Amino acid sequence: MLTSIEQATANFRQGGQLLDRLSSVREHFAKTPLPLPQGVTCAIDYFLATAAKNDPHPFPKIHRARSPVYLFDPATTSKACEWPVDAGITRYGPYSSRGFTPNRPKVCVLCHKAKKGQVEQFLVKFKDGVAAGGDGIQPFEQGFLDKYHLGGIDFEFFVTENNSAAAYRKAARSAISSLGPGGQKWDICFVQIEERFRNLPNAENPYLICKSELLTHQVPVQAFTVETMELSTYSIQFALNNLSLACYAKMNGTPWLLKSDQPLLQEMVVGLGSARIGDSRLGSGQRVVGITTVFTGDGNYCLSNLSRAALFETYQEELLDTLRLAVRQVRTDTGWQRARPVRLVFHAFKPFRDAEITAVKEVMQELGEFNAEFAFVHVVEDHPYRLFDLNQRGKLDKKTRSTKGVLGPNRGLFMLLSEREVLLTLTGFKEVKRPEDGVPRPVLLRIHEDSTFTDPVYLARQVYAFAGHSWQGFFPCDMPVTIEYSAMIAKLLGNLATLPGWNPAALIGNIGWTRWFL
């Protein structure tokens with residue numbers, strides 16, 4: 001039954017069937033003009049198409065965003081690559097490899113005692129790598145140690161008696177207390193969980209309980225599921241590859257930097273993402289907003305270490321505080337010059353209110369940045385536009401042996417719908433994960449009318465570059481990292497806030513300067 005439902009869903013969303021249904025709807029409404037108020041009528045015309053000739057409404061010009069350039073050595077730009085970024089890590093190692101500490105990470109492992117043998121086998125693959133064979137794809141043949149240029153890794157196990165939250169809390173506290181007050185702290189904690197834990201109430205979720213306990217003691221947490229451990233040799237290499245990237249970033253490593261095109265202005269990008277928290281003491285379905293900042297330094301885009309979140313109703317004040325802190329931090333860390341103009345670009349999951357824009361401009365004047373340029377970009381997921389490539393036959397899904405991404409466009413295409421609206425494909429047919437996902441939907445970029453910097457091509461290329469800058473995994477995101485990270489921060493902090501004893505002040509310490517939320 002489940003297989004039949006999944007197949008029906010895949011067929012329903014496939015590009016050909018979707019386009020046929022849309023065409024049928026268009027043909028139905030095109031039969032007679034539609035009446036509108038005051039005697040006006042509306043006629044439904046054909047879909048816009050690049051092949052149409054002498055069309056009074058021609059298809060917008062298609063642009064292709066250039067691949068970002070990723071850097072892997074602070075001393076030279078010769079160690080660089082374009083997408084896929086994994087090739088650069090494999091060849092050169094991570095950007096921060098020369099000065100990264102700890103060179104031999106100390107890792108505590110929390111797992112159910114009945115799974116300890118399987119976890120040990122999984123961690124051997126993580127440490128030493130997996131040679132899958134087959135089609136020649138070997139993303140994790142080197143293993144964590146060689147790929148990230150580490151001298152070793154030490155694991156120590158703390159097992160739970162059962163799968164309860166109380167048992168995991170006990171194991172977490174044992175790991176914390178085992179080192180003593182003056183001992184070396186754990187560099188990271190691995191927690192074995194199960195997929196079903198995600199459906200538990202927050203107070204009964206072992207993952208959240210461990211996250212709360214360990215973050216409070218400045219220890220980042222990396223979870224992995226039993227289901228991941230049971231993947232085939234071919235599939236597990238990709239899971240381990242992504243897990244290793246997130247682990248390195250959580251330990252405050254820098255896998256790569258994103259090269260900027262060095263604009264004449266100093267630039268900072270601020271992202272706003274959100275998550276709805278359904279299991280909250282603050283109310284059912286509470287919306288939380290996360291904030292991420294990115295800035296240019298030495299000609300490269302650097303992710304700021306400021307991670308903030310606030311309730312939707314009060315996030316404006318948190319945004320302004322974050323902006324103040326970020327500007328001061330950047331001035332100190334990168335030597336921003338007051339006399340040199342500054343550009344602030346905002347990426348947000350929602351439209352900007354006039355009051356927010358006024359407040360942001362006032363804060364920059366307060367900080368002495370009177371010559372700042374502003375771009376307020378709403379990255380819209382829910383919009384009426386769809387794109388189809390009639391020549392795209394899709395690609396084979398190795399797991400189901402069926403075709404996915406049929407009629408899907410390539411990633412990185414964008415078109416200007418107006419001076420302030422851009423349609424951009426962040427997910428192309430190659431990035432479609434499952435056949436039932438159908439045709440990928442582009443995002444719509446809307447530039448607010450109060451923006452003083454309004455170059456749509458520049459802003460579209462920047463959003464595209466940031467969609468390939470996530471340290472959570474080696475696959476491109478369907479949103480820019482400015483919004484993606486912000487949503488992760490919002491979701492995690494919102495869920496942690498529902499737990500008794502959680503204190504967000506824990507993130508003021510060193511842990512707050514890492515990618516703890518990945």
# chains A, B, ... in the order shown; residues from 1 in each chain; ligands from 1
>>> residues_around(residues="A:Cys477", least_positions_apart="6", cutoff="12 Å", atoms="only C-alpha atoms", output="list of chain:residue names")
A:Arg411, A:Gly412, A:Thr425, A:Leu426, A:Thr427, A:Gly428, A:Glu431, A:Val432, A:Lys433, A:Val443, A:Val463, A:Tyr464, A:Ala465, A:Phe466, A:Ala467, A:Gly468, A:His469, A:Ser470, A:Trp471, A:Ile483, A:Glu484, A:Tyr485
>>> write_last_selection(atoms="C-alpha atoms", output="PDB file, in the first residue's frame")
ATOM      1  CA  ARG A 411      20.597  24.970 -11.218  1.00  0.00           C
ATOM      2  CA  GLY A 412      21.825  28.574 -11.350  1.00  0.00           C
ATOM      3  CA  THR A 425      16.739  28.215  -9.627  1.00  0.00           C
ATOM      4  CA  LEU A 426      18.653  27.067  -6.551  1.00  0.00           C
ATOM      5  CA  THR A 427      17.645  23.437  -7.082  1.00  0.00           C
ATOM      6  CA  GLY A 428      18.075  21.964 -10.548  1.00  0.00           C
ATOM      7  CA  GLU A 431      19.767  18.102  -7.230  1.00  0.00           C
ATOM      8  CA  VAL A 432      16.306  16.491  -6.998  1.00  0.00           C
ATOM      9  CA  LYS A 433      16.691  13.842  -4.280  1.00  0.00           C
ATOM     10  CA  VAL A 443      12.756  31.055  -5.600  1.00  0.00           C
ATOM     11  CA  VAL A 463      22.058  34.458  -3.301  1.00  0.00           C
ATOM     12  CA  TYR A 464      23.118  31.647  -5.634  1.00  0.00           C
ATOM     13  CA  ALA A 465      26.666  31.646  -4.236  1.00  0.00           C
ATOM     14  CA  PHE A 466      25.397  31.494  -0.657  1.00  0.00           C
ATOM     15  CA  ALA A 467      23.192  28.512  -1.511  1.00  0.00           C
ATOM     16  CA  GLY A 468      26.408  26.552  -2.093  1.00  0.00           C
ATOM     17  CA  HIS A 469      28.119  27.675   1.109  1.00  0.00           C
ATOM     18  CA  SER A 470      26.612  25.401   3.761  1.00  0.00           C
ATOM     19  CA  TRP A 471      28.926  23.473   6.062  1.00  0.00           C
ATOM     20  CA  ILE A 483      18.430  32.048   5.619  1.00  0.00           C
ATOM     21  CA  GLU A 484      19.167  28.317   5.963  1.00  0.00           C
ATOM     22  CA  TYR A 485      21.427  28.782   8.991  1.00  0.00           C
TER      23      TYR A 485
END
>>> residues_around(residues="A:Pro440", least_positions_apart="4", cutoff="12 Å", atoms="only C-alpha atoms", output="NGL selection string")
:A and (13-15 or 18 or 381 or 385-389 or 394 or 404-411 or 424-436 or 478)
>>> residues_around(residues="A:Val159", least_positions_apart="6", cutoff="7 Å", atoms="only C-alpha atoms", output="list in words")
Leu110, Cys111, His112, Lys113 and Ala171 of chain A
>>> write_last_selection(atoms="C-alpha atoms", output="mmCIF file, in the first residue's frame")
data_model
loop_
_atom_site.group_PDB
_atom_site.id
_atom_site.type_symbol
_atom_site.label_atom_id
_atom_site.label_comp_id
_atom_site.auth_asym_id
_atom_site.auth_seq_id
_atom_site.Cartn_x
_atom_site.Cartn_y
_atom_site.Cartn_z
ATOM 1 C CA LEU A 110 26.619 8.296 23.855
ATOM 2 C CA CYS A 111 24.759 5.225 22.636
ATOM 3 C CA HIS A 112 22.318 2.523 23.696
ATOM 4 C CA LYS A 113 24.284 -0.433 25.087
ATOM 5 C CA ALA A 171 24.943 9.202 30.100
#
>>> select_by_dssp(residues="stretch 28-268 of chain A", states="strand (DSSP E or B)", output="PyMOL selection string")
chain A and resi 34-35+41-42+62-64+70-71+80-81+106-112+154-160+188-193+221-225+257-259+266-268
>>> residues_around(residues="A:Val119", least_positions_apart="6", cutoff="12 Å", atoms="only C-alpha atoms", output="PyMOL selection string")
chain A and resi 109-113+125-126+155-159+190-193+223-230
>>> write_last_selection(atoms="N, CA and C atoms", output="compact mmCIF listing (two decimals), in the first residue's frame")
# COMPACT_ATOMS: atom_id res chain seq x y z
N VAL A 109 31.13 9.42 23.19
CA VAL A 109 30.10 8.79 22.38
C VAL A 109 29.00 8.27 23.30
N LEU A 110 27.77 8.76 23.09
CA LEU A 110 26.62 8.30 23.86
C LEU A 110 25.80 7.38 22.97
N CYS A 111 25.55 6.16 23.44
CA CYS A 111 24.76 5.23 22.64
C CYS A 111 24.06 4.22 23.54
N HIS A 112 23.02 3.60 23.00
CA HIS A 112 22.32 2.52 23.70
C HIS A 112 23.25 1.31 23.75
N LYS A 113 23.32 0.67 24.92
CA LYS A 113 24.28 -0.43 25.09
C LYS A 113 24.04 -1.57 24.09
N LYS A 125 34.42 3.41 10.23
CA LYS A 125 34.22 3.93 8.86
C LYS A 125 34.38 5.44 8.84
N PHE A 126 33.86 6.11 9.86
CA PHE A 126 33.99 7.56 9.95
C PHE A 126 35.46 7.97 10.02
N PHE A 155 38.03 8.11 21.00
CA PHE A 155 36.63 7.91 21.37
C PHE A 155 36.54 7.31 22.77
N GLU A 156 35.56 7.76 23.54
CA GLU A 156 35.25 7.13 24.82
C GLU A 156 33.73 6.98 24.91
N PHE A 157 33.28 5.77 25.23
CA PHE A 157 31.86 5.45 25.20
C PHE A 157 31.20 5.62 26.57
N PHE A 158 29.94 6.10 26.53
CA PHE A 158 29.07 6.18 27.69
C PHE A 158 27.71 5.62 27.24
N VAL A 159 27.38 4.43 27.71
CA VAL A 159 26.21 3.74 27.18
C VAL A 159 24.99 4.00 28.04
N PHE A 190 29.36 12.62 20.13
CA PHE A 190 28.53 11.89 19.17
C PHE A 190 27.39 11.22 19.94
N VAL A 191 26.19 11.36 19.43
CA VAL A 191 25.02 10.77 20.08
C VAL A 191 24.28 9.89 19.08
N GLN A 192 24.18 8.61 19.40
CA GLN A 192 23.41 7.68 18.57
C GLN A 192 21.94 7.78 18.93
N ILE A 193 21.10 8.07 17.95
CA ILE A 193 19.66 8.22 18.17
C ILE A 193 18.91 7.34 17.18
N ALA A 223 24.69 14.23 16.14
CA ALA A 223 23.86 13.03 16.23
C ALA A 223 23.94 12.21 14.94
N PHE A 224 23.72 10.93 15.05
CA PHE A 224 23.55 10.06 13.88
C PHE A 224 22.55 8.98 14.26
N THR A 225 21.78 8.53 13.30
CA THR A 225 20.68 7.61 13.58
C THR A 225 21.08 6.16 13.32
N VAL A 226 20.34 5.27 13.95
CA VAL A 226 20.50 3.84 13.68
C VAL A 226 20.26 3.56 12.20
N GLU A 227 19.28 4.26 11.64
CA GLU A 227 18.95 4.06 10.23
C GLU A 227 20.13 4.43 9.33
N THR A 228 20.89 5.46 9.71
CA THR A 228 22.07 5.83 8.92
C THR A 228 23.14 4.75 9.00
N MET A 229 23.33 4.18 10.18
CA MET A 229 24.34 3.12 10.34
C MET A 229 24.01 1.90 9.48
N GLU A 230 22.73 1.69 9.17
CA GLU A 230 22.31 0.51 8.43
C GLU A 230 22.25 0.73 6.93
>>> closest_residue(among="A:Gly143, A:Pro33, A:Gly473, A:Pro384", to="A:Asp45", atoms="only C-alpha atoms")
A:Pro33
